[in-house]
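Asks: Pasting structure.pdb here (PDB, C-alpha atoms, pLDDT in the B column):
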```
MODEL        1
ATOM      1  CA  MET A   4       0.000   0.000   0.000  1.00 90.00           C
ATOM      2  CA  SER A   5       2.343   2.705  -1.276  1.00 97.00           C
ATOM      3  CA  MET A   6       2.755   4.674  -4.479  1.00 98.00           C
ATOM      4  CA  TYR A   7       6.301   3.460  -5.091  1.00 98.00           C
ATOM      5  CA  THR A   8       8.615   0.669  -4.006  1.00 98.00           C
ATOM      6  CA  ARG A   9      12.331   1.397  -3.980  1.00 98.00           C
ATOM      7  CA  LEU A  10      14.338  -1.088  -6.080  1.00 98.00           C
ATOM      8  CA  ALA A  11      17.778   0.520  -5.741  1.00 97.00           C
ATOM      9  CA  PRO A  12      19.199   4.028  -5.234  1.00 96.00           C
ATOM     10  CA  GLY A  13      17.240   6.262  -7.612  1.00 97.00           C
ATOM     11  CA  ARG A  14      15.184   3.358  -9.036  1.00 98.00           C
ATOM     12  CA  TYR A  15      11.545   2.669  -8.192  1.00 98.00           C
ATOM     13  CA  GLN A  16       8.592   0.508  -9.139  1.00 98.00           C
ATOM     14  CA  ALA A  17       5.374   2.501  -9.518  1.00 98.00           C
ATOM     15  CA  THR A  18       2.198   0.873  -8.208  1.00 98.00           C
ATOM     16  CA  GLU A  19      -1.399   1.204  -9.385  1.00 97.00           C
ATOM     17  CA  HIS A  20      -1.845   4.011  -6.841  1.00 97.00           C
ATOM     18  CA  THR A  21       0.007   6.380  -9.186  1.00 97.00           C
ATOM     19  CA  GLN A  22      -2.443   5.952 -12.089  1.00 96.00           C
ATOM     20  CA  GLY A  23      -3.746   9.144 -13.701  1.00 92.00           C
ATOM     21  CA  PRO A  24      -7.232   9.926 -15.041  1.00 86.00           C
ATOM     22  CA  TRP A  25      -6.392   9.899 -18.760  1.00 82.00           C
ATOM     23  CA  ASP A  26      -4.914   6.396 -19.146  1.00 89.00           C
ATOM     24  CA  PRO A  27      -4.612   3.632 -16.496  1.00 92.00           C
ATOM     25  CA  ALA A  28      -1.219   2.696 -17.972  1.00 95.00           C
ATOM     26  CA  THR A  29       0.295   6.122 -17.213  1.00 96.00           C
ATOM     27  CA  GLN A  30       0.989   7.945 -13.973  1.00 96.00           C
ATOM     28  CA  HIS A  31      -0.533  11.118 -12.615  1.00 95.00           C
ATOM     29  CA  MET A  32       2.259  13.696 -12.483  1.00 96.00           C
ATOM     30  CA  GLY A  33       1.513  14.451  -8.828  1.00 97.00           C
ATOM     31  CA  PRO A  34       3.224  11.286  -7.554  1.00 98.00           C
ATOM     32  CA  VAL A  35       6.052  11.730 -10.064  1.00 98.00           C
ATOM     33  CA  THR A  36       6.629  15.305  -8.882  1.00 98.00           C
ATOM     34  CA  ALA A  37       6.577  14.193  -5.247  1.00 98.00           C
ATOM     35  CA  LEU A  38       9.089  11.435  -6.074  1.00 98.00           C
ATOM     36  CA  ILE A  39      11.361  14.013  -7.725  1.00 98.00           C
ATOM     37  CA  ALA A  40      11.166  16.117  -4.557  1.00 98.00           C
ATOM     38  CA  HIS A  41      11.906  12.986  -2.495  1.00 98.00           C
ATOM     39  CA  GLU A  42      15.081  12.260  -4.474  1.00 97.00           C
ATOM     40  CA  LEU A  43      16.174  15.907  -4.499  1.00 97.00           C
ATOM     41  CA  ALA A  44      15.885  16.012  -0.701  1.00 96.00           C
ATOM     42  CA  MET A  45      18.620  13.364  -0.563  1.00 95.00           C
ATOM     43  CA  THR A  46      20.847  15.170  -3.091  1.00 94.00           C
ATOM     44  CA  ALA A  47      23.603  17.295  -1.516  1.00 89.00           C
ATOM     45  CA  PRO A  48      21.521  18.205   1.543  1.00 89.00           C
ATOM     46  CA  ARG A  49      22.719  21.358   3.247  1.00 87.00           C
ATOM     47  CA  PRO A  50      21.266  22.330   6.659  1.00 88.00           C
ATOM     48  CA  GLY A  51      19.372  25.604   6.542  1.00 90.00           C
ATOM     49  CA  LEU A  52      18.547  25.465   2.824  1.00 94.00           C
ATOM     50  CA  GLU A  53      14.869  24.921   2.038  1.00 94.00           C
ATOM     51  CA  LEU A  54      13.067  24.099  -1.219  1.00 96.00           C
ATOM     52  CA  SER A  55      11.808  27.385  -2.697  1.00 97.00           C
ATOM     53  CA  ARG A  56      11.074  26.523  -6.320  1.00 98.00           C
ATOM     54  CA  LEU A  57      10.487  23.306  -8.256  1.00 98.00           C
ATOM     55  CA  ALA A  58       9.851  23.394 -12.009  1.00 98.00           C
ATOM     56  CA  VAL A  59       9.015  20.214 -13.932  1.00 98.00           C
ATOM     57  CA  ASP A  60       8.812  19.875 -17.735  1.00 98.00           C
ATOM     58  CA  VAL A  61       6.889  16.835 -18.959  1.00 97.00           C
ATOM     59  CA  PHE A  62       8.211  15.350 -22.210  1.00 97.00           C
ATOM     60  CA  ALA A  63       5.950  12.281 -22.331  1.00 96.00           C
ATOM     61  CA  PRO A  64       3.434  10.454 -20.105  1.00 95.00           C
ATOM     62  CA  VAL A  65       5.240   8.429 -17.441  1.00 97.00           C
ATOM     63  CA  PRO A  66       4.240   4.729 -17.582  1.00 97.00           C
ATOM     64  CA  VAL A  67       3.083   2.840 -14.506  1.00 97.00           C
ATOM     65  CA  GLY A  68       6.189   0.700 -14.228  1.00 97.00           C
ATOM     66  CA  GLU A  69       9.852   0.910 -13.346  1.00 98.00           C
ATOM     67  CA  LEU A  70      11.443   4.345 -13.410  1.00 98.00           C
ATOM     68  CA  GLU A  71      14.707   6.008 -12.503  1.00 98.00           C
ATOM     69  CA  VAL A  72      15.248   9.486 -11.060  1.00 98.00           C
ATOM     70  CA  ARG A  73      18.707  10.940 -11.735  1.00 98.00           C
ATOM     71  CA  THR A  74      19.708  14.056  -9.823  1.00 98.00           C
ATOM     72  CA  ASP A  75      22.631  16.473  -9.996  1.00 97.00           C
ATOM     73  CA  VAL A  76      23.912  19.662  -8.354  1.00 97.00           C
ATOM     74  CA  VAL A  77      23.925  22.539 -10.850  1.00 97.00           C
ATOM     75  CA  ARG A  78      25.116  25.222  -8.435  1.00 95.00           C
ATOM     76  CA  ASP A  79      26.200  24.632  -4.856  1.00 94.00           C
ATOM     77  CA  GLY A  80      26.371  27.583  -2.502  1.00 91.00           C
ATOM     78  CA  LYS A  81      25.969  28.483   1.157  1.00 90.00           C
ATOM     79  CA  ARG A  82      22.940  30.713   0.556  1.00 94.00           C
ATOM     80  CA  VAL A  83      21.377  29.327  -2.625  1.00 96.00           C
ATOM     81  CA  GLN A  84      21.623  25.946  -4.320  1.00 97.00           C
ATOM     82  CA  CYS A  85      20.318  24.797  -7.702  1.00 97.00           C
ATOM     83  CA  LEU A  86      19.605  21.122  -8.377  1.00 98.00           C
ATOM     84  CA  SER A  87      18.353  19.189 -11.389  1.00 98.00           C
ATOM     85  CA  ALA A  88      16.499  15.920 -11.831  1.00 98.00           C
ATOM     86  CA  ALA A  89      15.430  13.743 -14.742  1.00 98.00           C
ATOM     87  CA  VAL A  90      12.946  10.868 -14.851  1.00 98.00           C
ATOM     88  CA  PHE A  91      13.747   7.925 -17.138  1.00 98.00           C
ATOM     89  CA  CYS A  92      11.646   4.906 -18.092  1.00 97.00           C
ATOM     90  CA  GLY A  93      13.093   2.211 -20.342  1.00 94.00           C
ATOM     91  CA  GLY A  94      16.021   4.458 -21.217  1.00 93.00           C
ATOM     92  CA  ARG A  95      13.796   7.338 -22.366  1.00 97.00           C
ATOM     93  CA  GLU A  96      13.658  10.681 -20.563  1.00 98.00           C
ATOM     94  CA  HIS A  97      10.052  11.470 -19.670  1.00 98.00           C
ATOM     95  CA  ALA A  98      10.456  14.537 -17.437  1.00 98.00           C
ATOM     96  CA  ARG A  99      13.106  17.016 -16.364  1.00 98.00           C
ATOM     97  CA  ALA A 100      13.120  19.275 -13.316  1.00 98.00           C
ATOM     98  CA  SER A 101      15.095  22.069 -11.718  1.00 98.00           C
ATOM     99  CA  ALA A 102      14.923  23.160  -8.105  1.00 98.00           C
ATOM    100  CA  TRP A 103      16.184  26.065  -6.023  1.00 98.00           C
ATOM    101  CA  ARG A 104      16.943  25.900  -2.339  1.00 97.00           C
ATOM    102  CA  ILE A 105      17.346  29.162  -0.402  1.00 96.00           C
ATOM    103  CA  ARG A 106      18.900  29.561   3.019  1.00 94.00           C
ATOM    104  CA  GLU A 107      16.667  30.209   6.002  1.00 89.00           C
ATOM    105  CA  ALA A 108      17.125  33.569   7.778  1.00 88.00           C
ATOM    106  CA  ALA A 109      15.031  35.803   9.983  1.00 86.00           C
ATOM    107  CA  THR A 110      13.123  38.286   7.814  1.00 87.00           C
ATOM    108  CA  PRO A 111      10.087  40.515   8.448  1.00 86.00           C
ATOM    109  CA  ALA A 112       7.162  38.595   6.998  1.00 84.00           C
ATOM    110  CA  THR A 113       4.344  40.339   5.168  1.00 85.00           C
ATOM    111  CA  ALA A 114       0.737  39.338   5.694  1.00 77.00           C
ATOM    112  CA  ALA A 115      -0.319  36.205   3.808  1.00 85.00           C
ATOM    113  CA  GLN A 116      -3.798  34.984   2.943  1.00 89.00           C
ATOM    114  CA  ALA A 117      -5.647  32.818   5.416  1.00 93.00           C
ATOM    115  CA  PRO A 118      -6.526  29.339   4.127  1.00 94.00           C
ATOM    116  CA  PRO A 119     -10.024  28.357   3.015  1.00 94.00           C
ATOM    117  CA  PRO A 120     -11.854  26.372   5.707  1.00 94.00           C
ATOM    118  CA  LEU A 121     -11.175  22.645   5.815  1.00 94.00           C
ATOM    119  CA  PRO A 122     -14.619  21.023   5.428  1.00 91.00           C
ATOM    120  CA  ASP A 123     -15.762  17.983   7.328  1.00 88.00           C
ATOM    121  CA  ALA A 124     -15.384  14.656   5.546  1.00 78.00           C
ATOM    122  CA  THR A 125     -17.652  14.361   2.520  1.00 66.00           C
ATOM    123  CA  THR A 126     -18.913  11.531   0.358  1.00 54.00           C
ATOM    124  CA  ASP A 127     -16.245  10.285  -2.042  1.00 55.00           C
ATOM    125  CA  SER A 128     -16.600  11.358  -5.656  1.00 58.00           C
ATOM    126  CA  TRP A 129     -14.945  10.084  -8.831  1.00 57.00           C
ATOM    127  CA  LEU A 130     -11.850  12.076  -7.785  1.00 65.00           C
ATOM    128  CA  SER A 131     -11.320   9.701  -4.846  1.00 63.00           C
ATOM    129  CA  THR A 132     -12.568   6.500  -6.482  1.00 66.00           C
ATOM    130  CA  GLY A 133     -12.140   6.638 -10.252  1.00 76.00           C
ATOM    131  CA  PHE A 134      -8.385   6.071 -10.712  1.00 90.00           C
ATOM    132  CA  GLY A 135      -5.297   5.090  -8.753  1.00 95.00           C
ATOM    133  CA  TYR A 136      -4.046   8.505  -7.652  1.00 95.00           C
ATOM    134  CA  GLY A 137      -7.579   9.530  -6.750  1.00 91.00           C
ATOM    135  CA  ARG A 138      -8.110   6.440  -4.596  1.00 92.00           C
ATOM    136  CA  ALA A 139      -4.753   7.021  -2.871  1.00 94.00           C
ATOM    137  CA  THR A 140      -5.741  10.545  -1.804  1.00 94.00           C
ATOM    138  CA  GLU A 141      -8.552  12.166   0.168  1.00 92.00           C
ATOM    139  CA  TRP A 142     -10.192  15.359  -1.122  1.00 92.00           C
ATOM    140  CA  ARG A 143     -12.482  17.889   0.551  1.00 93.00           C
ATOM    141  CA  PHE A 144     -13.840  20.822  -1.472  1.00 93.00           C
ATOM    142  CA  ALA A 145     -14.069  24.223   0.192  1.00 93.00           C
ATOM    143  CA  ARG A 146     -15.384  25.857  -2.999  1.00 92.00           C
ATOM    144  CA  GLY A 147     -16.788  24.276  -6.146  1.00 89.00           C
ATOM    145  CA  THR A 148     -17.360  20.553  -6.598  1.00 82.00           C
ATOM    146  CA  PRO A 149     -15.465  17.708  -8.303  1.00 79.00           C
ATOM    147  CA  MET A 150     -17.965  17.630 -11.176  1.00 79.00           C
ATOM    148  CA  ALA A 151     -18.521  21.378 -11.740  1.00 82.00           C
ATOM    149  CA  VAL A 152     -16.704  23.321 -14.443  1.00 88.00           C
ATOM    150  CA  GLY A 153     -14.923  26.396 -13.116  1.00 92.00           C
ATOM    151  CA  PRO A 154     -12.632  27.585 -10.292  1.00 95.00           C
ATOM    152  CA  ALA A 155     -12.401  25.479  -7.152  1.00 95.00           C
ATOM    153  CA  ALA A 156     -10.615  25.257  -3.830  1.00 96.00           C
ATOM    154  CA  ALA A 157      -9.927  21.829  -2.380  1.00 95.00           C
ATOM    155  CA  TRP A 158      -7.945  20.281   0.446  1.00 95.00           C
ATOM    156  CA  GLY A 159      -6.091  17.015  -0.052  1.00 95.00           C
ATOM    157  CA  ARG A 160      -4.043  14.505   1.897  1.00 95.00           C
ATOM    158  CA  ILE A 161      -2.397  11.236   0.952  1.00 96.00           C
ATOM    159  CA  ARG A 162      -3.838   8.000   2.341  1.00 94.00           C
ATOM    160  CA  MET A 163      -0.635   5.926   2.075  1.00 96.00           C
ATOM    161  CA  PRO A 164       3.173   6.255   1.951  1.00 97.00           C
ATOM    162  CA  LEU A 165       4.754   7.831  -1.112  1.00 98.00           C
ATOM    163  CA  VAL A 166       7.651   5.341  -0.967  1.00 98.00           C
ATOM    164  CA  GLU A 167       7.248   2.089   0.940  1.00 98.00           C
ATOM    165  CA  GLY A 168       9.008   2.272   4.305  1.00 97.00           C
ATOM    166  CA  GLU A 169      10.145   5.892   3.876  1.00 97.00           C
ATOM    167  CA  GLU A 170       8.842   9.067   5.486  1.00 95.00           C
ATOM    168  CA  ILE A 171       7.110  11.682   3.357  1.00 96.00           C
ATOM    169  CA  THR A 172       7.900  15.336   4.080  1.00 95.00           C
ATOM    170  CA  PRO A 173       5.449  18.276   3.950  1.00 95.00           C
ATOM    171  CA  ALA A 174       7.218  19.593   0.833  1.00 96.00           C
ATOM    172  CA  GLU A 175       6.686  16.228  -0.884  1.00 97.00           C
ATOM    173  CA  ARG A 176       3.024  16.269   0.173  1.00 97.00           C
ATOM    174  CA  LEU A 177       2.645  19.676  -1.431  1.00 98.00           C
ATOM    175  CA  ALA A 178       4.369  18.496  -4.627  1.00 98.00           C
ATOM    176  CA  LEU A 179       1.981  15.525  -4.729  1.00 97.00           C
ATOM    177  CA  PHE A 180      -1.065  17.810  -4.867  1.00 97.00           C
ATOM    178  CA  ALA A 181       0.208  20.903  -6.725  1.00 97.00           C
ATOM    179  CA  ASP A 182      -0.186  19.161 -10.096  1.00 95.00           C
ATOM    180  CA  SER A 183      -3.936  18.740  -9.516  1.00 95.00           C
ATOM    181  CA  GLY A 184      -4.873  22.386 -10.039  1.00 95.00           C
ATOM    182  CA  ASN A 185      -6.118  21.837 -13.597  1.00 92.00           C
ATOM    183  CA  GLY A 186      -7.982  18.709 -12.482  1.00 90.00           C
ATOM    184  CA  ILE A 187     -10.075  20.432  -9.798  1.00 92.00           C
ATOM    185  CA  SER A 188     -10.693  23.657 -11.778  1.00 93.00           C
ATOM    186  CA  PHE A 189     -11.249  22.221 -15.257  1.00 87.00           C
ATOM    187  CA  ALA A 190     -12.763  24.638 -17.761  1.00 85.00           C
ATOM    188  CA  LEU A 191     -13.819  22.072 -20.392  1.00 83.00           C
ATOM    189  CA  ASP A 192     -15.684  18.769 -20.231  1.00 79.00           C
ATOM    190  CA  PHE A 193     -13.488  15.698 -19.611  1.00 78.00           C
ATOM    191  CA  ASP A 194     -15.591  13.735 -22.096  1.00 81.00           C
ATOM    192  CA  THR A 195     -15.026  16.144 -25.000  1.00 82.00           C
ATOM    193  CA  HIS A 196     -11.524  17.550 -24.489  1.00 80.00           C
ATOM    194  CA  LEU A 197      -8.050  16.715 -23.272  1.00 81.00           C
ATOM    195  CA  PHE A 198      -6.315  19.436 -21.229  1.00 86.00           C
ATOM    196  CA  VAL A 199      -2.981  18.014 -20.127  1.00 88.00           C
ATOM    197  CA  ASN A 200      -0.267  20.102 -18.499  1.00 92.00           C
ATOM    198  CA  VAL A 201       3.166  20.096 -20.129  1.00 96.00           C
ATOM    199  CA  ASP A 202       4.818  21.656 -17.091  1.00 98.00           C
ATOM    200  CA  LEU A 203       4.410  22.524 -13.428  1.00 98.00           C
ATOM    201  CA  THR A 204       6.137  25.350 -11.543  1.00 98.00           C
ATOM    202  CA  ILE A 205       5.866  25.513  -7.754  1.00 98.00           C
ATOM    203  CA  SER A 206       7.128  28.664  -5.991  1.00 98.00           C
ATOM    204  CA  LEU A 207       7.195  28.799  -2.174  1.00 97.00           C
ATOM    205  CA  PHE A 208       7.820  31.727   0.168  1.00 96.00           C
ATOM    206  CA  ARG A 209       7.745  29.492   3.239  1.00 94.00           C
ATOM    207  CA  SER A 210       7.935  25.787   3.944  1.00 95.00           C
ATOM    208  CA  PRO A 211       4.614  23.926   4.239  1.00 97.00           C
ATOM    209  CA  ALA A 212       3.665  21.973   7.349  1.00 96.00           C
ATOM    210  CA  GLY A 213       1.213  19.232   8.227  1.00 96.00           C
ATOM    211  CA  GLU A 214      -0.629  16.571   6.260  1.00 96.00           C
ATOM    212  CA  TRP A 215      -3.275  18.747   4.539  1.00 97.00           C
ATOM    213  CA  ILE A 216      -2.563  20.841   1.422  1.00 97.00           C
ATOM    214  CA  CYS A 217      -5.089  23.179  -0.200  1.00 97.00           C
ATOM    215  CA  LEU A 218      -5.224  24.365  -3.825  1.00 97.00           C
ATOM    216  CA  ASP A 219      -7.323  27.395  -4.755  1.00 97.00           C
ATOM    217  CA  ALA A 220      -7.224  26.980  -8.535  1.00 97.00           C
ATOM    218  CA  GLU A 221      -8.528  28.632 -11.679  1.00 97.00           C
ATOM    219  CA  THR A 222      -8.066  27.521 -15.298  1.00 95.00           C
ATOM    220  CA  VAL A 223      -8.354  29.727 -18.367  1.00 96.00           C
ATOM    221  CA  ILE A 224      -8.427  28.371 -21.942  1.00 94.00           C
ATOM    222  CA  GLY A 225      -7.171  30.430 -24.881  1.00 93.00           C
ATOM    223  CA  PRO A 226      -8.511  30.401 -28.446  1.00 92.00           C
ATOM    224  CA  SER A 227      -5.644  28.426 -29.986  1.00 91.00           C
ATOM    225  CA  GLY A 228      -5.167  25.148 -28.108  1.00 93.00           C
ATOM    226  CA  ARG A 229      -3.418  26.406 -24.966  1.00 95.00           C
ATOM    227  CA  GLY A 230      -4.525  26.963 -21.404  1.00 95.00           C
ATOM    228  CA  LEU A 231      -3.146  28.079 -18.056  1.00 97.00           C
ATOM    229  CA  THR A 232      -3.934  26.993 -14.512  1.00 97.00           C
ATOM    230  CA  ARG A 233      -2.966  29.166 -11.541  1.00 98.00           C
ATOM    231  CA  SER A 234      -3.211  27.760  -8.017  1.00 98.00           C
ATOM    232  CA  THR A 235      -2.629  29.407  -4.664  1.00 98.00           C
ATOM    233  CA  LEU A 236      -1.195  26.838  -2.241  1.00 98.00           C
ATOM    234  CA  TYR A 237      -2.009  26.637   1.474  1.00 98.00           C
ATOM    235  CA  ASP A 238      -1.390  24.541   4.547  1.00 97.00           C
ATOM    236  CA  ARG A 239      -3.513  24.782   7.711  1.00 96.00           C
ATOM    237  CA  ASP A 240      -1.595  27.916   8.807  1.00 95.00           C
ATOM    238  CA  GLY A 241      -2.137  29.895   5.593  1.00 96.00           C
ATOM    239  CA  GLU A 242      -0.711  30.635   2.170  1.00 97.00           C
ATOM    240  CA  VAL A 243       2.674  29.117   1.290  1.00 97.00           C
ATOM    241  CA  GLY A 244       3.088  29.841  -2.440  1.00 97.00           C
ATOM    242  CA  THR A 245       1.731  29.278  -5.934  1.00 98.00           C
ATOM    243  CA  ALA A 246       1.703  26.699  -8.710  1.00 98.00           C
ATOM    244  CA  THR A 247       1.209  27.267 -12.439  1.00 98.00           C
ATOM    245  CA  GLN A 248       0.594  24.777 -15.253  1.00 98.00           C
ATOM    246  CA  THR A 249       0.717  25.341 -18.999  1.00 97.00           C
ATOM    247  CA  LEU A 250      -1.936  23.204 -20.708  1.00 95.00           C
ATOM    248  CA  PHE A 251      -2.094  21.445 -24.054  1.00 93.00           C
ATOM    249  CA  VAL A 252      -5.773  21.515 -25.085  1.00 91.00           C
ATOM    250  CA  THR A 253      -7.407  19.482 -27.858  1.00 89.00           C
ATOM    251  CA  PRO A 254     -10.745  17.841 -28.657  1.00 88.00           C
ATOM    252  CA  ARG A 255     -10.873  14.100 -27.980  1.00 85.00           C
TER     253      ARG A 255
ENDMDL
END
```
Starting from the coordinates I provided, produce the structure as structure tokens.

Replies:
Amino acid sequence: MSMYTRLAPGRYQATEHTQGPWDPATQHMGPVTALIAHELAMTAPRPGLELSRLAVDVFAPVPVGELEVRTDVVRDGKRVQCLSAAVFCGGREHARASAWRIREAATPATAAQAPPPLPDATTDSWLSTGFGYGRATEWRFARGTPMAVGPAAAWGRIRMPLVEGEEITPAERLALFADSGNGISFALDFDTHLFVNVDLTISLFRSPAGEWICLDAETVIGPSGRGLTRSTLYDRDGEVGTATQTLFVTPR
């Protein structure tokens, strides 16, 4: 009962709990992004440096199967550090990521938005029952509904370990959910159109905490096959950052 099983350093077996909504043979990018964050956390760790930005470019759908995450240090410094990661399946590169860590220091904080209320448990919808990633997560909508077109705000938490026998961090929890902004705020009907993100950029001004992550998301579709999703990210204490996704849009 985990999303991944570790086979060797950097190598994993994906389970059915990573399945996405478009094709049961391919993974939702939320687990893949969280796995990238998991591997990056073990790459050249430096006390006092915290994940501040994670950008992922998706070259091809990631199969539900064996995958490898290769990481590297692009720039190593005492105050800022840049890392890279690439996801390979069967020798093919399916995704590439870059990450910035910034040193922690006492700074005067400006006021941040309070989080939407966390609703009581609700009846499961297709989001929590229809595919692997959905079944592996719990969702509670503070605004909108899983079946309604338009903006939405929803809280999520994972029901199982990301990697079997390994602890998941709050930053990895956030990465797991940040890719769902276009899924909860879809602007077109799932039955008539595909709207798949080709990237994900997470920017954080403070580290998240706790098991619950909230996305307040809105998707806009342009007139020429492209879309954009913008999500404000929260934990129980308030706003922590943003996520954006560029969408490829086409009729089915």

Asks: Hey, which of A:Leu38, A:Ala58, A:Ala190, A:Ile216 ends up closest to Gly159 (chain A)? Count all atoms listed in the file.

Replies: A:Ile216

Asks: Counting all atoms listed in the file, which residue out of A:Phe62, A:Val77, A:Val199, A:Arg160 sits closest to Asp26 (chain A)?

Replies: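 Closest residue, counting all atoms listed in the file: A:Val199.
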
Asks: Of the residues A:Pro119, A:Pro111, A:Gly168, A:Gly230, which is the one nearest to Phe144 (chain A), using only C-alpha atoms?

Replies: A:Pro119

Asks: I'd like the residues picked by the PyMOL selection byres ((chain A and resi 73) around 8) written out as a VMD selection string, using the chain letters and numbers from the file.

Replies: chain A and resid 13 71 to 72 74 to 75 88 to 91

Asks: Which is closest to Glu69 (chain A) among A:Gly153, A:Gly94, A:Pro254, A:Pro164, if we use all atoms listed in the file?

Replies: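 Checking each candidate against Glu69 (chain A), we get A:Gly94 as the closest.
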
Asks: If the PyMOL selection byres ((chain A and resi 157) around 6) is run on the structure shown, which residues does it catch, given as a PyMOL selection string?

Replies: chain A and resi 143-145+156+158+217-218

Asks: Taking (-7.8, 26.6, 12.1) in the file's coordinates as the center, which residues reach within 8 Å of it, counting all atoms listed in the file, put as a PyMOL selection string?

Replies: chain A and resi 120+239-240

Asks: For a quick check of understanding, using all atoms listed in the file, which of A:Thr148, A:Thr113, A:Thr245, A:Thr36 has the smallest distance to Ala100 (chain A)?

Replies: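 When distances to Ala100 (chain A) are compared using all atoms listed in the file, the smallest one comes from A:Thr36.
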
Asks: For Val61 (chain A), which residue out of A:Leu207, A:Val201, A:Leu165, A:Leu10 is the nearest one, using all atoms listed in the file?

Replies: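 Under the stated criterion, the closest residue is A:Val201.
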
Asks: Is there a way to complete region 61-73 of chain A with N, CA, C and O atoms and then write that out as a JSON list (two decimals), in the coordinates of the input?

Replies:
```json
[["chain", "number", "residue", "atom", "x", "y", "z"],
["A", 61, "VAL", "N", 7.35, 18.19, -18.66],
["A", 61, "VAL", "CA", 6.89, 16.84, -18.96],
["A", 61, "VAL", "C", 7.06, 16.58, -20.45],
["A", 61, "VAL", "O", 6.41, 17.21, -21.28],
["A", 62, "PHE", "N", 7.94, 15.65, -20.81],
["A", 62, "PHE", "CA", 8.21, 15.35, -22.21],
["A", 62, "PHE", "C", 7.28, 14.28, -22.77],
["A", 62, "PHE", "O", 6.99, 14.26, -23.97],
["A", 63, "ALA", "N", 6.83, 13.38, -21.90],
["A", 63, "ALA", "CA", 5.95, 12.28, -22.33],
["A", 63, "ALA", "C", 5.27, 11.71, -21.10],
["A", 63, "ALA", "O", 5.80, 11.82, -19.98],
["A", 64, "PRO", "N", 4.08, 11.11, -21.25],
["A", 64, "PRO", "CA", 3.43, 10.45, -20.10],
["A", 64, "PRO", "C", 4.36, 9.41, -19.49],
["A", 64, "PRO", "O", 5.04, 8.66, -20.20],
["A", 65, "VAL", "N", 4.37, 9.36, -18.16],
["A", 65, "VAL", "CA", 5.24, 8.43, -17.44],
["A", 65, "VAL", "C", 4.48, 7.13, -17.22],
["A", 65, "VAL", "O", 3.42, 7.12, -16.59],
["A", 66, "PRO", "N", 4.97, 6.00, -17.74],
["A", 66, "PRO", "CA", 4.24, 4.73, -17.58],
["A", 66, "PRO", "C", 4.18, 4.27, -16.13],
["A", 66, "PRO", "O", 5.05, 4.61, -15.31],
["A", 67, "VAL", "N", 3.14, 3.51, -15.81],
["A", 67, "VAL", "CA", 3.08, 2.84, -14.51],
["A", 67, "VAL", "C", 3.99, 1.62, -14.61],
["A", 67, "VAL", "O", 3.61, 0.59, -15.15],
["A", 68, "GLY", "N", 5.20, 1.76, -14.11],
["A", 68, "GLY", "CA", 6.19, 0.70, -14.23],
["A", 68, "GLY", "C", 7.46, 1.11, -13.53],
["A", 68, "GLY", "O", 7.44, 1.94, -12.60],
["A", 69, "GLU", "N", 8.57, 0.59, -13.96],
["A", 69, "GLU", "CA", 9.85, 0.91, -13.35],
["A", 69, "GLU", "C", 10.36, 2.25, -13.88],
["A", 69, "GLU", "O", 10.26, 2.53, -15.08],
["A", 70, "LEU", "N", 10.89, 3.07, -12.99],
["A", 70, "LEU", "CA", 11.44, 4.34, -13.41],
["A", 70, "LEU", "C", 12.68, 4.67, -12.59],
["A", 70, "LEU", "O", 12.92, 4.11, -11.52],
["A", 71, "GLU", "N", 13.47, 5.58, -13.14],
["A", 71, "GLU", "CA", 14.71, 6.01, -12.50],
["A", 71, "GLU", "C", 14.70, 7.52, -12.41],
["A", 71, "GLU", "O", 14.33, 8.21, -13.36],
["A", 72, "VAL", "N", 15.11, 8.05, -11.25],
["A", 72, "VAL", "CA", 15.25, 9.49, -11.06],
["A", 72, "VAL", "C", 16.73, 9.79, -10.86],
["A", 72, "VAL", "O", 17.35, 9.33, -9.90],
["A", 73, "ARG", "N", 17.30, 10.55, -11.80],
["A", 73, "ARG", "CA", 18.71, 10.94, -11.74],
["A", 73, "ARG", "C", 18.79, 12.40, -11.32],
["A", 73, "ARG", "O", 18.12, 13.25, -11.91]]
```
